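Heads up, the thing below is written out as structure tokens.
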Amino acid sequence: MTQHRINALLHFPPDYEVPEGCDINIRVQNITNRTVPILHGIWGSNTLPSVRPIKFGVSVDSNLNAVGSRYVINVKISHQNTALLLDIEREFHWAGGDHDADIYLSPVGYIAVEKTWMPRIGYPADSKLYVKLIEPVSDENDETLVCEGVGLTGEPNFYLKYDPSMIKPGRLYTLVGSFETYGQRRLSLGLHPAKLILKPNDVVHLADFGAST
């Protein structure tokens with residue numbers, strides 16, 4: 001048996017202040033076979049590591065897992081029984097050997113946006129990325145723009161800020177992305193998450209997560 005290690009590096013937004021006295025719970029699943037996900041591990045602690053980014057090790061047995069095996073990580077952090085993060089799972093894969101994997105967390109008020117696909121065309125190295133947060137308002141394809149942000153396509157991650165007071169409980173919101181090509185023409189691109197509930201109907205408590213300490 002040969003064990004390798006993926007260091008999942010858990011990043012907060014640069015301007016986000018993490019409060020004192022937080023709990024953390026992490027669940028990792030092997031989703032190489034997406035129809036039958038396999039629980040890979042659960043970990044929890046009532047003390048949040050002080051080093052940033054937070055480093056969480058995921059062990060991989062090379063006799064049981066092929067290079068390219070895919071995993072999904074769900075991180076929950078709470079402060080005084082209030083969830084601080086949006087419920088967004090992040091994927092990573094084993095590239096062989098030991099290596100790092102950057103995981104961008106989404107505290108309430110921030111959405112960590114990742115590109116999932118782009119058209120195979122030429123575009124400037126400093127091409128701008130445009131992200132809009134949309135709220136559907138009826139069954140007639142009407143929609144309301146909640147907020148929008150601008151980043152660069154060359155960045156591995158983009159944080160879209162939004163005002164939590166404008167969010168409605170249980171409402172499914174949509175992220176729409178585009179990027180700038182030559183001649184300032186804009187084309188669509190894929191984003192993760194594409195749709196998400198920003199404020200659940202019920203408060204999420206760590207006791208419901210089923211993590212161990």
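By order of appearance in the structure tokens: chains A, B, ..., then residues from 1 within every chain, and ligands from 1 in the order shown.
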Which residues of region 81-101 of chain A come within 12 Å of region 47-60 of chain A, and for each one, what is the closest pair of atoms and their distance in Å to one decimal, counting only C-alpha atoms, sorted by chain and residue number, as CSV?
```
residue,atom,partner,partner_atom,distance
A:Phe92,CA,A:Val58,CA,10.9
A:His93,CA,A:Val60,CA,10.5
A:Trp94,CA,A:Val60,CA,8.0
A:Ala95,CA,A:Val60,CA,10.7
A:Gly96,CA,A:Val60,CA,9.3
A:Gly97,CA,A:Val60,CA,9.0
A:Asp98,CA,A:Val60,CA,9.1
A:His99,CA,A:Gly57,CA,10.0
A:Asp100,CA,A:Gly57,CA,9.1
A:Ala101,CA,A:Lys55,CA,9.7
```
(message) Env of region 159-163 of chain A: 6 Å cut, atoms = only C-alpha atoms, seq-sep filter 6 positions within chain, self excluded. Answer as a ChimeraX atom specification.
(response) /A:109-113,149
(message) From the options A:Pro164, A:Pro119, A:Pro169, A:Pro107, which residue's atoms come nearest to Arg186 (chain A), counting only C-alpha atoms?
(response) A:Pro119
(message) DSSP on the backbone: which residues in region 116-196 of chain A end up as strand (DSSP E or B)? Give the answer as JSON, numbers by chain.
(response) {"A": [116, 117, 128, 129, 130, 131, 132, 133, 134, 135, 136, 143, 144, 145, 146, 147, 148, 149, 150, 151, 152, 158, 159, 160, 161, 172, 173, 174, 175, 176, 177, 178, 179, 180, 186, 187, 188, 189, 190, 191, 192, 195, 196]}
(request) Identify, on the basis of only C-alpha atoms, every residue whose closest approach to Leu86 (chain A) does not exceed 12 Å; exclude the query and any residue fewer than 4 positions from it along the same chain; express the result as a list in words. (result) Asn74, Val75, Lys76, Ile77, Ser78, Thr82, Arg90, Tyr104, Leu105, Ser106, Pro107, Val108, Gly109, Tyr110, Ile111, Ala112, Pro164, Pro193, Leu196, Ile197, Leu198, Lys199, Pro200, Val203 and Val204 of chain A
(message) Applying 12 Å and only C-alpha atoms, which residues near Leu64 (chain A) remain after dropping the ones on its own chain fewer than 5 positions away? List them as a list in words.
(response) Met1, Thr2, Gln3, His4, Asn30, Thr32, Ser59 and Ser69 of chain A
Residues from the last selection, N, CA and C atoms, saved as a PDB file, in the first residue's frame:
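Printed below is selection33.pdb as written:
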```
ATOM      1  N   MET A   1       0.848  -1.197   0.000  1.00  0.00           N
ATOM      2  CA  MET A   1       0.000   0.000   0.000  1.00  0.00           C
ATOM      3  C   MET A   1       0.883   1.246   0.000  1.00  0.00           C
ATOM      4  N   THR A   2       0.659   2.127  -0.965  1.00  0.00           N
ATOM      5  CA  THR A   2       1.412   3.376  -1.061  1.00  0.00           C
ATOM      6  C   THR A   2       0.478   4.544  -0.796  1.00  0.00           C
ATOM      7  N   GLN A   3       0.754   5.277   0.268  1.00  0.00           N
ATOM      8  CA  GLN A   3      -0.082   6.410   0.638  1.00  0.00           C
ATOM      9  C   GLN A   3       0.507   7.711   0.100  1.00  0.00           C
ATOM     10  N   HIS A   4      -0.345   8.510  -0.508  1.00  0.00           N
ATOM     11  CA  HIS A   4       0.034   9.850  -0.946  1.00  0.00           C
ATOM     12  C   HIS A   4      -0.860  10.859  -0.245  1.00  0.00           C
ATOM     13  N   ASN A  30     -15.202  10.581  -2.440  1.00  0.00           N
ATOM     14  CA  ASN A  30     -14.631  10.193  -3.722  1.00  0.00           C
ATOM     15  C   ASN A  30     -15.772  10.143  -4.732  1.00  0.00           C
ATOM     16  N   THR A  32     -15.232   9.806  -8.162  1.00  0.00           N
ATOM     17  CA  THR A  32     -14.750   9.312  -9.451  1.00  0.00           C
ATOM     18  C   THR A  32     -15.874   8.629 -10.201  1.00  0.00           C
ATOM     19  N   SER A  59      -5.533  11.730   2.480  1.00  0.00           N
ATOM     20  CA  SER A  59      -4.683  10.593   2.127  1.00  0.00           C
ATOM     21  C   SER A  59      -5.285   9.824   0.960  1.00  0.00           C
ATOM     22  N   SER A  69      -8.309  10.463 -10.068  1.00  0.00           N
ATOM     23  CA  SER A  69      -9.481  10.249  -9.216  1.00  0.00           C
ATOM     24  C   SER A  69      -9.974  11.583  -8.687  1.00  0.00           C
TER      25      SER A  69
END
```
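The spacing separating CA of Leu191 (chain A) from CA of Lys115 (chain A) amounts to 4.7 Å.
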(request) For Ala194 (chain A), work out the shell of residues within 9 Å, counting only C-alpha atoms and skipping chain neighbours fewer than 5 positions away, then give it as a list in words. (result) Val113, Tyr173, Thr174, Leu175 and Val176 of chain A
Can you spit out the residues from that selection as a short mmCIF file (atom, residue, chain, number, x, y, z; two decimals), in the first residue's frame, using N, CA, C and O atoms?
```
data_model
loop_
_atom_site.label_atom_id
_atom_site.label_comp_id
_atom_site.auth_asym_id
_atom_site.auth_seq_id
_atom_site.Cartn_x
_atom_site.Cartn_y
_atom_site.Cartn_z
N VAL A 113 -16.11 32.13 -7.13
CA VAL A 113 -16.54 31.74 -8.46
C VAL A 113 -15.37 31.13 -9.21
O VAL A 113 -14.28 31.72 -9.27
N TYR A 173 -30.70 31.26 -6.71
CA TYR A 173 -30.08 32.32 -7.49
C TYR A 173 -29.18 31.72 -8.57
O TYR A 173 -28.72 30.57 -8.46
N THR A 174 -28.90 32.52 -9.59
CA THR A 174 -28.11 32.07 -10.73
C THR A 174 -26.90 32.98 -10.92
O THR A 174 -26.99 34.20 -10.78
N LEU A 175 -25.77 32.37 -11.25
CA LEU A 175 -24.58 33.11 -11.62
C LEU A 175 -24.39 33.04 -13.13
O LEU A 175 -24.45 31.95 -13.71
N VAL A 176 -24.18 34.18 -13.76
CA VAL A 176 -23.98 34.26 -15.20
C VAL A 176 -22.63 34.92 -15.47
O VAL A 176 -22.33 35.98 -14.91
#
```
(request) Quick one: pull the distance between CA of Glu148 (chain A) and CA of Trp117 (chain A), Å, one decimal. (result)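 Answer for the CA of Glu148 (chain A) to CA of Trp117 (chain A) separation: 19.6 Å.
Distances to Thr181 (chain A) were evaluated for A:Phe158, A:Phe12, A:Trp43, A:Tyr130 using only C-alpha atoms, and the minimum falls at A:Tyr130.
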So which residues touch Val146 (chain A) within 8 Å, counting only C-alpha atoms, skipping near sequence neighbours fewer than 5 positions away, as a PDB file with C-alpha atoms, in the first residue's frame?
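Dumped everything to around02.pdb:
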```pdb
ATOM      1  CA  LYS A 132     -23.641  38.655 -12.450  1.00  0.00           C
ATOM      2  CA  LEU A 133     -25.811  37.336  -9.623  1.00  0.00           C
ATOM      3  CA  ILE A 134     -29.375  36.967 -10.875  1.00  0.00           C
ATOM      4  CA  GLU A 135     -32.623  36.437  -8.950  1.00  0.00           C
ATOM      5  CA  TYR A 162     -23.130  40.564  -2.440  1.00  0.00           C
ATOM      6  CA  MET A 166     -30.931  41.595  -0.223  1.00  0.00           C
TER       7      MET A 166
END
```
(message) For a quick check of understanding, using only C-alpha atoms, which of A:Asp102, A:Glu20, A:Asp15, A:Glu91 has the smallest distance to Arg34 (chain A)?
(response)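 Checking each of A:Asp102, A:Glu20, A:Asp15, A:Glu91 against Arg34 (chain A), counting only C-alpha atoms, the winner is A:Glu91.
Across region 28-183 of chain A, DSSP run on the backbone finds helix (DSSP H, G or I) at A:Pro164, A:Ser165, A:Met166, A:Tyr182, A:Gly183.
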